[in-house]
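Enquirer: The structure is given below, and queries will be raised subsequently.
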Amino acid sequence: MGGDSQLIWRCRGREIVCGPKTLIMGILNATPDSFSDGGKFQTLELAVARGLAMVKEGADIIDIGGESTRPGAAPVQPLEEIARTVPIIGKLREKTNALISIDTRHAATARAAVAAGADMINDISALADPEMVHVAAETGAGLVLMHMQGTPETMQKNPRYSDVVSNVWNFLEERMAFAVERGVAPEQICLDPGIGFGKTEEHNLALLNGIPALAAAGRPVLIGASRKSFIGRITGREKPSDRLAGSLALAAFSVLRGAQILRVHDVKESCDAVRLVDTLRSNELAAQY
C-alpha cells in the first residue's frame, strides 16, 4: 500500500516526478481572513520572505492564494485576487526555481499568475469558471482538480452524500474527462478529494481511507488536511496552531494510503515526517524483492 509507483506531472514543460518522494506544497495565504494564518503575510516583503523560507525548509511547491476558502468565507473578485498574488509570484519567480502554484477558482487570476511565472493552477472548484480549462490547455500549466460540495460560503451547511468516496471519485473522473476533451493533457492533471470542503468529520475520514480508490485513476493525489477543524474535534485542540501533531499523523497516513503530494502549513515538520515514511516504505518494498 502507498504511493510506490511513479507518475509524471507536467507543469509548463517541467516534468515533476510523483511517487517515491512525497512532494510538499507549502501554503502561502496573501489574505486577511484565512482560517489559520490570515493577515500574517499581507505585505509583499513578508509574503516573499515566507515563500523563500518554506523553500529552504524543504517545500517543493509554494501555493499562493488571494481568496480565503475557509467555511463561510465571502468571495473575492479577480482584480483584488490578482493584486494580492501576482506581485508575490513575480518576485518569487525571480528568486527561486521551486514550483509555484496559484490557488484560485478564477480564470482571469490563473492567466495572470501563469504569465507572472506560476507553474500550476490549484482550482478548488474543478473548472467551475468555464474559461479556466482554456487557460490550462493553452499554457500547459499543471492543474489540480478538487472536489467541493457547494461554495466556501455554503459548503459546511449539512453536507450529504450517498457514498462519499464513490461520489467524489465520480465527480473528479467527470471533471478530468471534461478537461481532457478540451485540450488539457492527462499528464497535467492532479486530483484532490477536498478534505474539509463540504464534508463532515466522517466524510473526511472515509475519504482519507479511500485514497487508493482515487489513486486508481493513475494521476497524482494531493491531500490538504493541515490544521483543519476535524483534527481539532478529534484531538480536542481548538486553535489551528495547536494541531501540528494531528496534522503530521494525517500526513503520514495519507502517504501510506497513496497520496503523492501534501498541502501543508508546517513545512519543516511535514518534510521530516514524510521523509521518514518514504524511507521506511522504500526499505519495505526493497525487502520484498
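Residues are named by chain letter and number: chains run A, B, ... in the order of the C-alpha cells, numbers start at 1 in each chain, and ligands are numbered from 1 in the order shown.
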If DSSP is run on the backbone, what residues of region 79-197 of chain A are strand (DSSP E or B)? A reply as a list in words would be ideal.
Expert: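 Listing strand (DSSP E or B) positions across region 79-197 of chain A yields Leu99, Ile100, Ser101, Ile102, Asp103, Met120, Ile121, Asn122, Asp123, Gly142, Leu143, Val144, Leu145, Met146, Ile189, Cys190, Leu191 and Asp192 of chain A.
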Enquirer: Restricting the output to C-alpha atoms, write the selected residues as a compact mmCIF listing (two decimals), in the first residue's frame.
Expert:
```txt
# COMPACT_ATOMS: atom_id res chain seq x y z
CA LEU A 99 7.41 25.18 -8.30
CA ILE A 100 4.84 27.95 -7.83
CA SER A 101 1.10 27.28 -7.67
CA ILE A 102 -1.77 29.76 -7.84
CA ASP A 103 -4.68 28.78 -5.60
CA MET A 120 0.36 25.21 -11.84
CA ILE A 121 -3.25 26.11 -11.07
CA ASN A 122 -4.86 24.77 -7.89
CA ASP A 123 -8.58 25.08 -8.63
CA GLY A 142 -0.32 21.81 -14.06
CA LEU A 143 -3.94 21.57 -12.95
CA VAL A 144 -5.24 20.44 -9.56
CA LEU A 145 -8.90 19.43 -9.73
CA MET A 146 -10.53 19.43 -6.29
CA ILE A 189 -3.83 16.79 -14.00
CA CYS A 190 -3.61 16.13 -10.26
CA LEU A 191 -6.62 15.10 -8.14
CA ASP A 192 -7.65 16.36 -4.69
```
Enquirer: Considering only C-alpha atoms, give me a table of residues in region 115-181 of chain A that are at most 12 Å from region 207-212 of chain A, with the closest atom pair and distance in Å for each, as a tab-separated table.
Expert:
```
residue	atom	partner	partner_atom	distance
A:His147	CA	A:Leu207	CA	11.2
A:Tyr161	CA	A:Leu207	CA	11.8
A:Asp163	CA	A:Leu207	CA	10.1
A:Val164	CA	A:Leu207	CA	7.1
A:Val165	CA	A:Leu207	CA	5.7
A:Ser166	CA	A:Gly210	CA	9.0
A:Asn167	CA	A:Leu207	CA	10.4
A:Val168	CA	A:Leu207	CA	8.5
A:Trp169	CA	A:Gly210	CA	9.6
```
Enquirer: Near Ile88 (chain A), within 8 Å and counting only C-alpha atoms, which residues show up once chain neighbours fewer than 6 positions away are dropped, as a list in words?
Expert: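 Selected residues are Leu44, Ala47 and Val48 of chain A.
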Enquirer: Using only C-alpha atoms, please write the residues we just selected to a file, as an mmCIF file, in the first residue's frame.
Expert:
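The result, written out as selection-v7.cif:
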```cif
data_model
loop_
_atom_site.group_PDB
_atom_site.id
_atom_site.type_symbol
_atom_site.label_atom_id
_atom_site.label_comp_id
_atom_site.auth_asym_id
_atom_site.auth_seq_id
_atom_site.Cartn_x
_atom_site.Cartn_y
_atom_site.Cartn_z
ATOM 1 C CA LEU A 44 4.913 41.808 -0.451
ATOM 2 C CA ALA A 47 4.992 37.062 1.717
ATOM 3 C CA VAL A 48 8.126 36.645 -0.406
#
```
Enquirer: Name all residues at most 12 Å from Ile16 (chain A) (count only C-alpha atoms; drop same-chain ones fewer than 2 positions away) and give them as an MDAnalysis selection string.
Expert: chainID A and resid 6:14 18:23 60:61 98:99 119:120 141:142 187:190 220 260:261
Enquirer: Counting only C-alpha atoms, give me one row per residue of region 174-223 of chain A with an atom at most 12 Å from an atom of region 234-241 of chain A, showing the shortest contact pair and its distance in Å to one decimal, sorted by chain then residue number, as CSV.
Expert:
```
residue,atom,partner,partner_atom,distance
A:Glu201,CA,A:Ile234,CA,8.7
A:Glu202,CA,A:Ile234,CA,10.9
A:Asn204,CA,A:Ile234,CA,11.8
A:Leu205,CA,A:Ile234,CA,10.8
```
Enquirer: Given only C-alpha atoms as the basis, pick out the residue of A:Met176, A:Ala108, A:Leu52, A:Leu280 nearest to Pro130 (chain A).
Expert: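 Ranked by minimum distance to Pro130 (chain A), first place goes to A:Ala108.
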Enquirer: When you look at Arg111 (chain A) with a cut-off of 10 Å (counting only C-alpha atoms), what residues show up, excluding the ones that are within fewer than 3 positions of it in the same chain? I need them as a ChimeraX atom specification.
Expert: /A:82,102,106-108,114-116,118,121,131-132,134-136,138-139,141
Enquirer: Give me a file of those residues, with C-alpha atoms, as a tab-separated table (two decimals), in the first residue's frame.
Expert:
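As a result, selection_11.tsv now contains:
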```tsv
chain	number	residue	atom	x	y	z
A	82	ILE	CA	-4.59	39.36	-8.80
A	102	ILE	CA	-1.77	29.76	-7.84
A	106	HIS	CA	-10.97	32.37	-11.33
A	107	ALA	CA	-9.60	32.03	-14.85
A	108	ALA	CA	-8.50	35.67	-15.03
A	114	VAL	CA	0.88	31.87	-15.03
A	115	ALA	CA	2.07	34.89	-17.04
A	116	ALA	CA	3.94	36.04	-13.92
A	118	ALA	CA	3.30	30.22	-11.82
A	121	ILE	CA	-3.25	26.11	-11.07
A	131	GLU	CA	-12.59	29.81	-19.07
A	132	MET	CA	-10.28	28.01	-16.64
A	134	HIS	CA	-8.76	27.02	-21.69
A	135	VAL	CA	-6.10	28.67	-19.51
A	136	ALA	CA	-4.75	25.24	-18.55
A	138	GLU	CA	-3.22	26.98	-23.64
A	139	THR	CA	-0.46	27.41	-21.07
A	141	ALA	CA	0.14	24.62	-16.53
```
